[in-house]
$ cat input.txt   # compact mmCIF, C-alpha atoms and all ligand atoms
# COMPACT_ATOMS: atom_id res chain seq x y z
CA MET A 10 -78.86 -191.42 -52.89
CA ASP A 11 -77.40 -189.58 -49.91
CA ARG A 12 -80.66 -188.83 -48.11
CA PRO A 13 -83.20 -191.41 -46.94
CA LEU A 14 -86.13 -192.04 -49.26
CA HIS A 15 -89.64 -191.02 -48.25
CA PHE A 16 -92.21 -193.70 -47.40
CA ASP A 17 -93.90 -193.80 -50.83
CA SER A 18 -90.52 -194.24 -52.55
CA LEU A 19 -89.43 -196.93 -50.08
CA LEU A 20 -92.54 -198.88 -51.10
CA ILE A 21 -91.00 -199.16 -54.55
CA HIS A 22 -87.24 -199.08 -54.00
CA GLY A 23 -86.71 -200.05 -50.34
CA GLY A 24 -83.94 -202.62 -50.05
CA SER A 25 -84.00 -203.45 -53.74
CA GLU A 26 -80.83 -204.53 -55.50
CA PRO A 27 -80.21 -204.98 -59.21
CA GLY A 28 -81.35 -208.43 -60.37
CA PRO A 29 -79.64 -210.69 -62.93
CA ALA A 30 -79.30 -209.13 -66.41
CA GLY A 31 -80.56 -205.83 -65.02
CA ALA A 32 -83.93 -207.25 -63.95
CA THR A 33 -85.90 -204.57 -62.10
CA SER A 34 -88.29 -206.87 -60.29
CA VAL A 35 -87.17 -209.14 -57.47
CA PRO A 36 -86.01 -212.50 -58.89
CA ILE A 37 -87.98 -215.54 -57.72
CA VAL A 38 -85.44 -217.94 -56.25
CA GLN A 39 -87.52 -221.10 -56.33
CA SER A 40 -85.01 -223.37 -54.63
CA SER A 41 -85.34 -225.39 -51.42
CA SER A 42 -81.65 -225.43 -50.66
CA TYR A 43 -78.29 -223.93 -51.62
CA ALA A 44 -75.12 -225.84 -52.56
CA TYR A 45 -71.57 -225.06 -51.40
CA GLN A 46 -68.38 -226.37 -53.01
CA ARG A 47 -66.59 -227.27 -49.82
CA ALA A 48 -67.81 -228.82 -46.57
CA GLU A 49 -65.99 -226.01 -44.71
CA ASP A 50 -68.05 -223.34 -46.52
CA LEU A 51 -71.36 -224.84 -45.46
CA GLU A 52 -70.06 -225.29 -41.92
CA ASP A 53 -69.13 -221.60 -41.83
CA VAL A 54 -72.65 -220.61 -42.90
CA PHE A 55 -74.25 -222.91 -40.33
CA ARG A 56 -72.04 -221.54 -37.59
CA GLY A 57 -72.75 -217.94 -38.58
CA ARG A 58 -69.11 -217.27 -39.57
CA ALA A 59 -70.13 -216.55 -43.17
CA VAL A 60 -73.29 -215.10 -44.68
CA GLY A 61 -75.22 -217.42 -46.98
CA GLN A 62 -78.43 -219.28 -47.63
CA VAL A 63 -78.99 -222.78 -46.31
CA TYR A 64 -82.59 -223.86 -46.76
CA THR A 65 -85.70 -221.91 -47.72
CA ARG A 66 -87.52 -222.70 -44.45
CA ILE A 67 -84.78 -220.66 -42.77
CA GLY A 68 -84.13 -218.02 -45.43
CA ASN A 69 -84.57 -217.28 -49.12
CA PRO A 70 -83.30 -214.39 -51.29
CA THR A 71 -86.78 -213.46 -52.61
CA THR A 72 -88.22 -213.50 -49.10
CA GLU A 73 -85.24 -211.52 -47.77
CA ALA A 74 -85.91 -208.77 -50.33
CA LEU A 75 -89.50 -208.52 -49.04
CA GLU A 76 -88.31 -208.54 -45.43
CA LYS A 77 -85.83 -205.72 -46.08
CA ARG A 78 -88.51 -203.57 -47.66
CA LEU A 79 -91.11 -204.18 -44.95
CA ALA A 80 -88.56 -203.43 -42.21
CA LEU A 81 -87.65 -200.14 -43.90
CA LEU A 82 -91.33 -199.19 -44.04
CA GLU A 83 -91.40 -199.45 -40.24
CA GLY A 84 -88.41 -197.15 -39.99
CA GLY A 85 -85.77 -199.86 -39.59
CA GLY A 86 -85.55 -202.86 -37.33
CA THR A 87 -85.93 -206.35 -38.71
CA ALA A 88 -88.68 -208.29 -40.44
CA ILE A 89 -89.47 -212.00 -40.59
CA ALA A 90 -91.86 -212.96 -43.39
CA THR A 91 -94.12 -215.91 -42.63
CA ALA A 92 -96.58 -218.19 -44.42
CA SER A 93 -99.63 -216.26 -43.17
CA GLY A 94 -100.72 -213.56 -40.75
CA MET A 95 -101.63 -216.28 -38.23
CA ALA A 96 -98.13 -217.76 -38.62
CA ALA A 97 -96.67 -214.33 -37.85
CA ILE A 98 -98.77 -213.95 -34.70
CA THR A 99 -98.16 -217.55 -33.55
CA THR A 100 -94.41 -217.30 -34.13
CA ALA A 101 -94.12 -213.90 -32.43
CA VAL A 102 -96.19 -214.95 -29.41
CA MET A 103 -94.40 -218.29 -28.98
CA THR A 104 -91.07 -216.46 -29.11
CA ILE A 105 -92.11 -214.35 -26.13
CA VAL A 106 -94.25 -216.53 -23.84
CA ARG A 107 -93.63 -219.92 -22.26
CA SER A 108 -95.79 -222.44 -20.47
CA GLY A 109 -97.06 -220.90 -17.23
CA ASP A 110 -97.06 -217.37 -18.65
CA GLU A 111 -100.08 -215.18 -19.32
CA ILE A 112 -101.00 -213.00 -22.26
CA LEU A 113 -103.16 -209.95 -21.70
CA ALA A 114 -105.07 -209.48 -24.95
CA SER A 115 -107.61 -207.08 -26.31
CA SER A 116 -111.08 -208.62 -26.37
CA SER A 117 -111.62 -207.02 -29.77
CA LEU A 118 -109.66 -209.33 -32.04
CA PHE A 119 -109.75 -211.06 -35.38
CA GLY A 120 -111.44 -214.45 -34.81
CA GLY A 121 -108.36 -216.53 -35.72
CA THR A 122 -106.23 -214.73 -33.13
CA PHE A 123 -108.97 -215.09 -30.51
CA SER A 124 -109.11 -218.81 -31.24
CA LEU A 125 -105.29 -219.15 -31.14
CA PHE A 126 -105.28 -217.65 -27.64
CA ARG A 127 -108.45 -219.25 -26.29
CA ASP A 128 -108.35 -222.70 -27.87
CA THR A 129 -104.80 -223.53 -28.99
CA LEU A 130 -102.24 -221.86 -26.72
CA SER A 131 -104.34 -222.77 -23.65
CA ASN A 132 -103.43 -226.41 -24.37
CA TYR A 133 -99.76 -225.57 -23.83
CA GLY A 134 -100.06 -223.88 -20.44
CA ILE A 135 -100.38 -220.35 -21.82
CA THR A 136 -103.38 -218.52 -20.41
CA THR A 137 -104.92 -215.45 -22.04
CA ARG A 138 -106.95 -212.83 -20.20
CA PHE A 139 -109.14 -210.77 -22.49
CA VAL A 140 -109.77 -207.17 -21.61
CA ASP A 141 -111.52 -204.21 -23.22
CA PRO A 142 -108.61 -202.27 -24.79
CA LEU A 143 -110.51 -198.97 -24.42
CA ASP A 144 -110.67 -199.39 -20.64
CA LEU A 145 -107.16 -198.41 -19.58
CA GLU A 146 -107.87 -199.07 -15.89
CA ALA A 147 -109.04 -202.60 -16.68
CA VAL A 148 -105.93 -203.17 -18.79
CA ALA A 149 -103.64 -201.98 -15.99
CA ALA A 150 -105.56 -204.15 -13.51
CA GLY A 151 -105.24 -207.15 -15.86
CA VAL A 152 -101.45 -207.27 -15.57
CA ASN A 153 -100.18 -209.68 -12.90
CA GLU A 154 -96.86 -211.32 -12.03
CA ARG A 155 -97.33 -213.95 -14.74
CA THR A 156 -98.18 -211.56 -17.59
CA ARG A 157 -95.48 -211.46 -20.26
CA LEU A 158 -97.21 -209.80 -23.22
CA LEU A 159 -99.87 -207.25 -24.11
CA PHE A 160 -101.52 -207.95 -27.49
CA VAL A 161 -103.77 -205.53 -29.36
CA GLU A 162 -105.01 -204.69 -32.88
CA THR A 163 -104.68 -201.12 -34.15
CA ILE A 164 -108.30 -201.15 -35.30
CA GLY A 165 -110.21 -204.18 -34.01
CA ASN A 166 -111.50 -206.47 -36.74
CA PRO A 167 -114.52 -206.56 -36.95
CA LYS A 168 -115.46 -204.36 -33.95
CA LEU A 169 -113.65 -201.35 -35.49
CA ASP A 170 -112.81 -199.91 -32.09
CA VAL A 171 -109.63 -197.82 -31.96
CA PRO A 172 -107.60 -198.27 -28.77
CA ASP A 173 -105.16 -195.62 -27.63
CA ILE A 174 -102.12 -197.78 -28.31
CA PRO A 175 -99.43 -195.41 -26.95
CA ALA A 176 -101.35 -195.34 -23.64
CA LEU A 177 -101.55 -199.15 -23.67
CA ALA A 178 -97.82 -199.30 -24.44
CA ASP A 179 -97.13 -197.13 -21.39
CA ILE A 180 -99.04 -199.62 -19.22
CA ALA A 181 -97.12 -202.58 -20.69
CA HIS A 182 -93.76 -200.87 -20.33
CA ALA A 183 -94.45 -199.83 -16.74
CA ALA A 184 -94.95 -203.55 -16.04
CA GLY A 185 -91.74 -204.45 -17.90
CA ILE A 186 -93.53 -206.36 -20.67
CA PRO A 187 -93.66 -205.75 -24.43
CA ILE A 188 -96.67 -204.72 -26.49
CA LEU A 189 -97.30 -206.64 -29.71
CA VAL A 190 -99.48 -204.73 -32.15
CA ASP A 191 -101.34 -206.33 -35.07
CA SER A 192 -101.39 -203.56 -37.69
CA THR A 193 -103.03 -205.59 -40.47
CA VAL A 194 -105.96 -203.20 -40.85
CA THR A 195 -103.88 -200.01 -40.75
CA THR A 196 -100.65 -201.17 -42.48
CA PRO A 197 -97.45 -199.12 -42.07
CA TYR A 198 -99.02 -196.47 -44.33
CA LEU A 199 -101.52 -195.44 -41.65
CA ALA A 200 -99.79 -196.63 -38.50
CA ASP A 201 -96.26 -195.68 -37.48
CA GLY A 202 -94.96 -198.31 -35.06
CA ALA A 203 -92.68 -195.76 -33.37
CA GLN A 204 -95.53 -193.33 -32.74
CA LEU A 205 -97.61 -196.21 -31.36
CA LYS A 206 -94.66 -197.19 -29.09
CA ALA A 207 -95.09 -200.75 -30.37
CA ASP A 208 -92.26 -203.15 -29.57
CA ILE A 209 -93.22 -205.83 -32.07
CA LEU A 210 -95.73 -205.53 -34.92
CA THR A 211 -97.37 -208.14 -37.09
CA TYR A 212 -99.39 -207.80 -40.26
CA SER A 213 -101.26 -210.29 -42.30
CA THR A 214 -99.72 -209.36 -45.65
CA SER A 215 -102.55 -211.36 -47.29
CA LYS A 216 -104.61 -208.16 -47.08
CA TYR A 217 -103.52 -204.62 -48.03
CA ILE A 218 -99.82 -205.38 -48.54
CA ASN A 219 -100.71 -207.86 -51.28
CA GLY A 220 -103.69 -205.78 -52.35
CA THR A 221 -105.33 -208.04 -54.90
CA GLY A 222 -106.35 -211.14 -52.97
CA THR A 223 -103.82 -213.45 -54.62
CA THR A 224 -101.53 -214.38 -51.75
CA ILE A 225 -101.49 -215.49 -48.12
CA GLY A 226 -98.60 -214.15 -46.05
CA GLY A 227 -97.58 -212.45 -42.84
CA VAL A 228 -94.72 -210.54 -41.29
CA ILE A 229 -93.25 -209.87 -37.86
CA ILE A 230 -91.47 -206.55 -37.35
CA ASP A 231 -89.04 -206.17 -34.46
CA ARG A 232 -88.32 -202.48 -33.87
CA GLY A 233 -85.41 -203.42 -31.61
CA VAL A 234 -86.60 -201.17 -28.80
CA PHE A 235 -87.67 -203.53 -26.01
CA ASN A 236 -85.18 -204.39 -23.29
CA TRP A 237 -85.22 -208.18 -23.08
CA ASN A 238 -82.51 -208.15 -20.43
CA SER A 239 -84.99 -208.72 -17.61
CA PRO A 240 -85.70 -211.34 -14.94
CA LEU A 241 -89.16 -211.68 -16.52
CA PHE A 242 -87.49 -213.06 -19.68
CA PRO A 243 -84.71 -215.46 -18.57
CA HIS A 244 -85.19 -217.36 -21.86
CA PHE A 245 -83.82 -214.31 -23.70
CA GLU A 246 -80.60 -214.14 -21.67
CA THR A 247 -78.24 -215.83 -24.16
CA PHE A 248 -79.86 -214.05 -27.11
CA HIS A 249 -79.60 -210.68 -25.39
CA LYS A 250 -75.92 -211.21 -24.61
CA LYS A 251 -75.12 -211.72 -28.28
CA TYR A 252 -77.81 -209.79 -30.15
CA ARG A 253 -78.71 -207.04 -27.66
CA ALA A 254 -81.71 -205.00 -28.89
CA PHE A 255 -82.54 -207.68 -31.47
CA ALA A 256 -82.72 -210.57 -28.99
CA PHE A 257 -86.35 -211.15 -30.05
CA THR A 258 -85.42 -211.55 -33.73
CA ALA A 259 -82.58 -213.89 -32.83
CA ARG A 260 -84.77 -216.09 -30.62
CA ALA A 261 -87.52 -216.13 -33.26
CA ARG A 262 -85.16 -216.94 -36.14
CA LYS A 263 -82.95 -219.44 -34.36
CA LEU A 264 -85.75 -221.28 -32.59
CA VAL A 265 -89.45 -220.69 -33.15
CA HIS A 266 -89.61 -219.61 -36.81
CA LYS A 267 -87.13 -222.32 -37.82
CA ASP A 268 -88.81 -225.01 -35.71
CA VAL A 269 -92.45 -224.18 -36.44
CA GLY A 270 -91.51 -223.92 -40.11
CA ALA A 271 -94.26 -221.52 -41.21
CA CYS A 272 -91.98 -219.86 -43.76
CA ALA A 273 -93.02 -217.67 -46.70
CA ALA A 274 -93.00 -219.35 -50.11
CA PRO A 275 -90.64 -217.55 -52.55
CA PHE A 276 -93.37 -217.00 -55.15
CA ASN A 277 -95.62 -215.45 -52.50
CA SER A 278 -92.78 -213.17 -51.40
CA PHE A 279 -92.43 -212.05 -55.03
CA LEU A 280 -96.16 -211.28 -55.29
CA LEU A 281 -96.08 -209.37 -52.00
CA THR A 282 -93.05 -207.33 -53.10
CA GLU A 283 -94.95 -206.44 -56.29
CA GLY A 284 -98.12 -205.66 -54.35
CA VAL A 285 -96.61 -203.43 -51.68
CA GLN A 286 -95.35 -200.93 -54.27
CA THR A 287 -98.84 -199.45 -54.71
CA LEU A 288 -99.81 -199.56 -51.01
CA ALA A 289 -99.97 -195.77 -50.54
CA LEU A 290 -102.14 -195.15 -53.60
CA ARG A 291 -104.44 -198.03 -52.79
CA MET A 292 -104.81 -197.20 -49.08
CA ASP A 293 -105.81 -193.62 -49.92
CA ARG A 294 -108.55 -194.98 -52.21
CA HIS A 295 -109.64 -197.70 -49.73
CA CYS A 296 -109.99 -195.00 -47.05
CA SER A 297 -111.84 -192.47 -49.21
CA ASN A 298 -114.19 -195.14 -50.59
CA ALA A 299 -114.93 -196.46 -47.10
CA LEU A 300 -115.74 -192.93 -45.91
CA ALA A 301 -117.98 -192.22 -48.90
CA LEU A 302 -119.84 -195.52 -48.41
CA ALA A 303 -120.16 -195.01 -44.64
CA ARG A 304 -121.70 -191.56 -45.23
CA PHE A 305 -124.09 -192.99 -47.80
CA LEU A 306 -125.13 -195.86 -45.52
CA ALA A 307 -125.62 -193.54 -42.54
CA ALA A 308 -128.22 -191.62 -44.56
CA HIS A 309 -130.04 -194.68 -45.98
CA PRO A 310 -133.47 -195.35 -44.40
CA LYS A 311 -133.02 -199.15 -44.39
CA VAL A 312 -129.75 -198.97 -42.45
CA ALA A 313 -130.12 -199.22 -38.66
CA TRP A 314 -126.55 -198.27 -37.77
CA VAL A 315 -123.10 -197.72 -39.28
CA SER A 316 -119.68 -198.00 -37.65
CA TYR A 317 -116.66 -196.34 -39.24
CA PRO A 318 -113.97 -194.47 -37.28
CA GLY A 319 -113.91 -191.85 -40.06
CA LEU A 320 -117.45 -190.67 -39.29
CA GLU A 321 -117.30 -187.54 -37.13
CA ASP A 322 -119.87 -188.96 -34.69
CA SER A 323 -117.97 -192.24 -34.19
CA PRO A 324 -116.77 -192.68 -30.58
CA HIS A 325 -113.40 -193.70 -32.09
CA HIS A 326 -112.99 -190.69 -34.36
CA ALA A 327 -110.79 -188.62 -32.06
CA VAL A 328 -108.27 -191.37 -31.23
CA ALA A 329 -108.15 -192.57 -34.84
CA THR A 330 -107.54 -188.99 -36.03
CA LYS A 331 -104.71 -188.60 -33.53
CA LEU A 332 -103.03 -191.93 -34.30
CA TYR A 333 -103.64 -192.50 -37.99
CA ASN A 334 -103.09 -189.08 -39.46
CA GLY A 335 -106.62 -188.41 -40.68
CA ARG A 336 -107.07 -191.80 -42.35
CA TYR A 337 -109.47 -194.39 -41.02
CA GLY A 338 -108.90 -197.58 -43.01
CA GLY A 339 -110.94 -199.53 -45.53
CA LEU A 340 -113.22 -201.45 -43.14
CA LEU A 341 -116.70 -200.42 -42.06
CA THR A 342 -119.65 -202.27 -40.57
CA PHE A 343 -123.38 -201.67 -40.67
CA GLY A 344 -126.61 -203.37 -39.73
CA THR A 345 -130.10 -203.53 -41.14
CA GLY A 346 -131.84 -204.59 -37.93
CA ASP A 347 -131.87 -208.39 -38.17
CA LYS A 348 -130.13 -211.37 -39.72
CA ALA A 349 -132.77 -211.98 -42.41
CA SER A 350 -132.53 -208.48 -43.87
CA SER A 351 -128.71 -208.56 -43.66
CA PHE A 352 -128.69 -211.78 -45.69
CA GLN A 353 -131.13 -210.20 -48.15
CA ALA A 354 -128.88 -207.15 -48.50
CA ILE A 355 -125.80 -209.33 -49.12
CA ASN A 356 -127.69 -211.44 -51.63
CA GLY A 357 -128.76 -208.29 -53.49
CA LEU A 358 -125.20 -207.01 -54.03
CA ARG A 359 -123.87 -207.40 -57.56
CA LEU A 360 -120.42 -205.81 -57.48
CA ALA A 361 -119.33 -206.56 -53.91
CA LYS A 362 -118.18 -210.14 -53.31
CA ASN A 363 -119.45 -212.15 -50.34
CA LEU A 364 -116.31 -213.82 -49.01
CA ALA A 365 -113.98 -214.24 -46.03
CA ASN A 366 -111.20 -211.73 -46.62
CA ILE A 367 -110.36 -208.04 -46.35
CA GLY A 368 -107.96 -205.68 -48.08
CA ASP A 369 -108.60 -206.78 -51.65
CA ALA A 370 -108.86 -204.30 -54.54
CA LYS A 371 -112.43 -205.59 -54.87
CA THR A 372 -115.15 -204.52 -52.44
CA LEU A 373 -115.96 -207.43 -50.12
CA VAL A 374 -118.73 -208.16 -47.63
CA ILE A 375 -119.37 -210.86 -45.05
CA HIS A 376 -121.91 -211.66 -42.33
CA PRO A 377 -119.46 -212.49 -39.48
CA ALA A 378 -122.02 -213.91 -37.00
CA SER A 379 -122.83 -216.82 -39.33
CA THR A 380 -119.34 -217.32 -40.76
CA ILE A 381 -115.98 -216.25 -39.29
CA CYS A 382 -117.47 -215.80 -35.78
CA ALA A 383 -120.00 -218.65 -35.95
CA ASP A 384 -118.10 -220.74 -33.37
CA TYR A 385 -118.35 -218.07 -30.68
CA ASN A 386 -121.03 -217.97 -28.01
CA ILE A 387 -123.28 -214.96 -27.51
CA GLU A 388 -121.06 -213.45 -24.84
CA GLU A 389 -117.95 -213.76 -27.02
CA LYS A 390 -119.76 -212.34 -30.03
CA SER A 391 -120.85 -209.39 -27.97
CA LEU A 392 -117.27 -208.83 -26.71
CA MET A 393 -116.18 -208.72 -30.35
CA GLY A 394 -119.05 -206.42 -31.27
CA VAL A 395 -120.59 -209.02 -33.59
CA THR A 396 -124.36 -208.56 -33.73
CA GLU A 397 -126.73 -210.78 -35.73
CA ASP A 398 -127.36 -208.02 -38.27
CA LEU A 399 -123.71 -206.90 -38.70
CA ILE A 400 -122.32 -206.80 -42.24
CA ARG A 401 -118.59 -206.12 -42.53
CA VAL A 402 -117.53 -204.27 -45.65
CA SER A 403 -113.97 -204.10 -46.93
CA ALA A 404 -114.16 -201.13 -49.30
CA GLY A 405 -112.26 -201.83 -52.50
CA ILE A 406 -110.60 -199.37 -54.85
CA GLU A 407 -113.30 -199.27 -57.55
CA ASP A 408 -114.96 -195.95 -58.45
CA SER A 409 -116.88 -195.00 -55.29
CA ARG A 410 -119.97 -194.22 -57.40
CA ASP A 411 -120.18 -197.86 -58.47
CA ILE A 412 -119.75 -199.13 -54.92
CA ILE A 413 -122.46 -196.80 -53.63
CA ASP A 414 -124.81 -197.69 -56.52
CA ASP A 415 -124.36 -201.37 -55.69
CA PHE A 416 -125.29 -200.92 -52.02
CA LYS A 417 -128.11 -198.54 -52.97
CA GLN A 418 -129.85 -201.02 -55.24
CA ALA A 419 -129.43 -203.86 -52.70
CA LEU A 420 -130.75 -201.77 -49.80
CA ASP A 421 -133.57 -200.10 -51.76
CA ALA A 422 -134.93 -203.58 -52.49
CA LEU A 423 -135.31 -204.48 -48.77
C1 LIG A 501 -106.44 -208.36 -38.07
C2 LIG A 501 -106.02 -209.68 -38.63
N1 LIG A 501 -104.93 -210.29 -38.14
C3 LIG A 501 -104.51 -211.47 -38.61
C4 LIG A 501 -105.20 -212.13 -39.61
C5 LIG A 501 -104.72 -213.47 -40.08
O1 LIG A 501 -104.12 -213.37 -41.30
P1 LIG A 501 -103.98 -214.60 -42.34
O2 LIG A 501 -105.35 -214.89 -42.84
O3 LIG A 501 -103.03 -214.09 -43.35
O4 LIG A 501 -103.43 -215.75 -41.57
C6 LIG A 501 -106.32 -211.53 -40.17
C7 LIG A 501 -107.07 -212.22 -41.23
O5 LIG A 501 -108.17 -211.82 -41.59
C8 LIG A 501 -106.75 -210.28 -39.67
O6 LIG A 501 -107.82 -209.65 -40.15
$ encode --input "input.txt" --output "structure tokens"
Amino acid sequence: MDRPLHFDSLLIHGGSEPGPAGATSVPIVQSSSYAYQRAEDLEDVFRGRAVGQVYTRIGNPTTEALEKRLALLEGGGTAIATASGMAAITTAVMTIVRSGDEILASSSLFGGTFSLFRDTLSNYGITTRFVDPLDLEAVAAGVNERTRLLFVETIGNPKLDVPDIPALADIAHAAGIPILVDSTVTTPYLADGAQLKADILTYSTSKYINGTGTTIGGVIIDRGVFNWNSPLFPHFETFHKKYRAFAFTARARKLVHKDVGACAAPFNSFLLTEGVQTLALRMDRHCSNALALARFLAAHPKVAWVSYPGLEDSPHHAVATKLYNGRYGGLLTFGTGDKASSFQAINGLRLAKNLANIGDAKTLVIHPASTICADYNIEEKSLMGVTEDLIRVSAGIEDSRDIIDDFKQALDAL
């Protein structure tokens, strides 16, 4: 082909090469290590004089096929596939910050990321300041001489707020620091990293990239646009000299990803490469089902409130429309007034599954205050928008009439 493929075709063909015996799906190379005939050959690979595999913690052909495809979906750059979304975030953050540095993070985060910043990285001399990502003045005021990273989610999970990421990127760049964007909820189908001015992106591929709830995985995308040649980042100096725009990828691959060892398993990379092929079709259905359900819930007498950026009266509608091309994702939240009635509503659902995940083909619900956010105090819950009656719904790709019927019968019974 002499012209670049469009996004929906890249989902299927991006980076793919013919497999053995004409196989059209990516071969699963289930091998820990790779043998070389001569000692000199392996030395050449280790020293970077020849291209080759060494050990699956460092690289694997099945995982490389996934990485190539995911990088192409972000318009180029490089990708590092990891064991989970948390592994992607941890590896990316540890590549950038060192002991004594500060992270400025959105206060509207997935609970695992919040805990990584608040509870884990704080033990290693890395401090995180949390700030409302919608308050641009507070974000600008939150940057100080120790800040080395701005971290934000495209659509906060579970708050479902939609920060103006290009405006946040401008603040980060004016301070000479990168912005790392977690695009798990939007995926590259809704969110274009270049339009967001993101330097680095991460996704939990366990969600929409996989699509059927079979696999845990994550990815780090380096768009190769941040200038790491800066006195704020002396630890990038040698990597920048050799790898220039891709100093981040080099530092991550040669140090943190290799040393932390949270690599993708080859079989998981295969499942993710299969899953990503239908991302566009599935995301359209997730989005339209979420909108249909949000509209239904907004009109139901037992529902106290509904939050979905796709609703015209949502305070996030305008920014989401501008950034995500008229699509608003598959997540919505609603409340029935108190915890007891929320539990009753969840218990009454027959189709939707009550479990801790998002982005599955199946419709999922959870009561975050008593589960994924149970460890947080009242102030933290309120920062994350988690009320006692909040039910988070991850709209699946079933027929919307069946989803709505399910919620109708559960809510009518309250
Ligand atoms: C926005 C977001 N980021 C990161 C993660 C972590 O991903 P994983 O569970 O694959 O580690 C999740 C998981 O729910 C998430 O929702």
$ residues_around --input "input.txt" --residues "range 348-362 of chain A" --least-positions-apart "6" --cutoff "7 Å" --atoms "only C-alpha atoms" --output "VMD selection string"
chain A and resid 372 to 374 397 to 398 400 415 to 416 419 to 420 423
$ residues_around --input "input.txt" --residues "Gly28 in chain A" --least-positions-apart "5" --cutoff "12 Å" --atoms "only C-alpha atoms" --output "list in words"
Thr33, Ser34, Val35, Pro36, Ile37, Val38, Pro70, Thr71 and Ala74 of chain A
$ closest_atom_pairs --input "input.txt" --of "chain A" --to "ligand LIG 501 (chain A)" --cutoff "10 Å" --atoms "only C-alpha atoms and all ligand atoms" --output "CSV"
residue,atom,partner,partner_atom,distance
A:Thr91,CA,A:LIG501,O3,9.1
A:Ala92,CA,A:LIG501,O3,7.7
A:Ser93,CA,A:LIG501,O3,4.0
A:Gly94,CA,A:LIG501,O1,3.4
A:Met95,CA,A:LIG501,O4,3.8
A:Ala96,CA,A:LIG501,O4,6.4
A:Ala97,CA,A:LIG501,O4,7.8
A:Ile98,CA,A:LIG501,C3,7.4
A:Thr99,CA,A:LIG501,O4,9.8
A:Ser117,CA,A:LIG501,C1,9.9
A:Leu118,CA,A:LIG501,C1,6.9
A:Phe119,CA,A:LIG501,C1,5.0
A:Gly120,CA,A:LIG501,C8,7.9
A:Gly121,CA,A:LIG501,C5,6.5
A:Thr122,CA,A:LIG501,C3,6.6
A:Phe123,CA,A:LIG501,N1,9.9
A:Val161,CA,A:LIG501,C1,9.5
A:Glu162,CA,A:LIG501,C1,6.5
A:Thr163,CA,A:LIG501,C1,8.4
A:Ile164,CA,A:LIG501,C1,7.9
A:Gly165,CA,A:LIG501,C1,6.9
A:Asn166,CA,A:LIG501,C1,5.6
A:Pro167,CA,A:LIG501,O6,8.0
A:Val190,CA,A:LIG501,N1,9.8
A:Asp191,CA,A:LIG501,N1,6.2
A:Ser192,CA,A:LIG501,C1,7.0
A:Thr193,CA,A:LIG501,C1,5.0
A:Val194,CA,A:LIG501,C1,5.9
A:Thr195,CA,A:LIG501,C1,9.1
A:Thr211,CA,A:LIG501,N1,7.9
A:Tyr212,CA,A:LIG501,N1,6.4
A:Ser213,CA,A:LIG501,O1,4.3
A:Thr214,CA,A:LIG501,O3,6.2
A:Ser215,CA,A:LIG501,O3,4.8
A:Lys216,CA,A:LIG501,O3,7.2
A:Thr224,CA,A:LIG501,O3,8.5
A:Ile225,CA,A:LIG501,O3,5.2
A:Gly226,CA,A:LIG501,O3,5.2
A:Gly227,CA,A:LIG501,O3,5.7
A:Val228,CA,A:LIG501,O3,9.3
A:Ala365,CA,A:LIG501,O5,7.7
A:Asn366,CA,A:LIG501,O5,5.9
A:Ile367,CA,A:LIG501,O5,6.5
A:Gly368,CA,A:LIG501,O6,8.9
A:Ile381,CA,A:LIG501,O5,9.3
$ write_last_selection --input "input.txt" --atoms "C-alpha atoms" --output "tab-separated table (two decimals), keeping the file's coordinate frame"
chain	number	residue	atom	x	y	z
A	91	THR	CA	-94.12	-215.91	-42.63
A	92	ALA	CA	-96.58	-218.19	-44.42
A	93	SER	CA	-99.63	-216.26	-43.17
A	94	GLY	CA	-100.72	-213.56	-40.75
A	95	MET	CA	-101.63	-216.28	-38.23
A	96	ALA	CA	-98.13	-217.76	-38.62
A	97	ALA	CA	-96.67	-214.33	-37.85
A	98	ILE	CA	-98.77	-213.95	-34.70
A	99	THR	CA	-98.16	-217.55	-33.55
A	117	SER	CA	-111.62	-207.02	-29.77
A	118	LEU	CA	-109.66	-209.33	-32.04
A	119	PHE	CA	-109.75	-211.06	-35.38
A	120	GLY	CA	-111.44	-214.45	-34.81
A	121	GLY	CA	-108.36	-216.53	-35.72
A	122	THR	CA	-106.23	-214.73	-33.13
A	123	PHE	CA	-108.97	-215.09	-30.51
A	161	VAL	CA	-103.77	-205.53	-29.36
A	162	GLU	CA	-105.01	-204.69	-32.88
A	163	THR	CA	-104.68	-201.12	-34.15
A	164	ILE	CA	-108.30	-201.15	-35.30
A	165	GLY	CA	-110.21	-204.18	-34.01
A	166	ASN	CA	-111.50	-206.47	-36.74
A	167	PRO	CA	-114.52	-206.56	-36.95
A	190	VAL	CA	-99.48	-204.73	-32.15
A	191	ASP	CA	-101.34	-206.33	-35.07
A	192	SER	CA	-101.39	-203.56	-37.69
A	193	THR	CA	-103.03	-205.59	-40.47
A	194	VAL	CA	-105.96	-203.20	-40.85
A	195	THR	CA	-103.88	-200.01	-40.75
A	211	THR	CA	-97.37	-208.14	-37.09
A	212	TYR	CA	-99.39	-207.80	-40.26
A	213	SER	CA	-101.26	-210.29	-42.30
A	214	THR	CA	-99.72	-209.36	-45.65
A	215	SER	CA	-102.55	-211.36	-47.29
A	216	LYS	CA	-104.61	-208.16	-47.08
A	224	THR	CA	-101.53	-214.38	-51.75
A	225	ILE	CA	-101.49	-215.49	-48.12
A	226	GLY	CA	-98.60	-214.15	-46.05
A	227	GLY	CA	-97.58	-212.45	-42.84
A	228	VAL	CA	-94.72	-210.54	-41.29
A	365	ALA	CA	-113.98	-214.24	-46.03
A	366	ASN	CA	-111.20	-211.73	-46.62
A	367	ILE	CA	-110.36	-208.04	-46.35
A	368	GLY	CA	-107.96	-205.68	-48.08
A	381	ILE	CA	-115.98	-216.25	-39.29
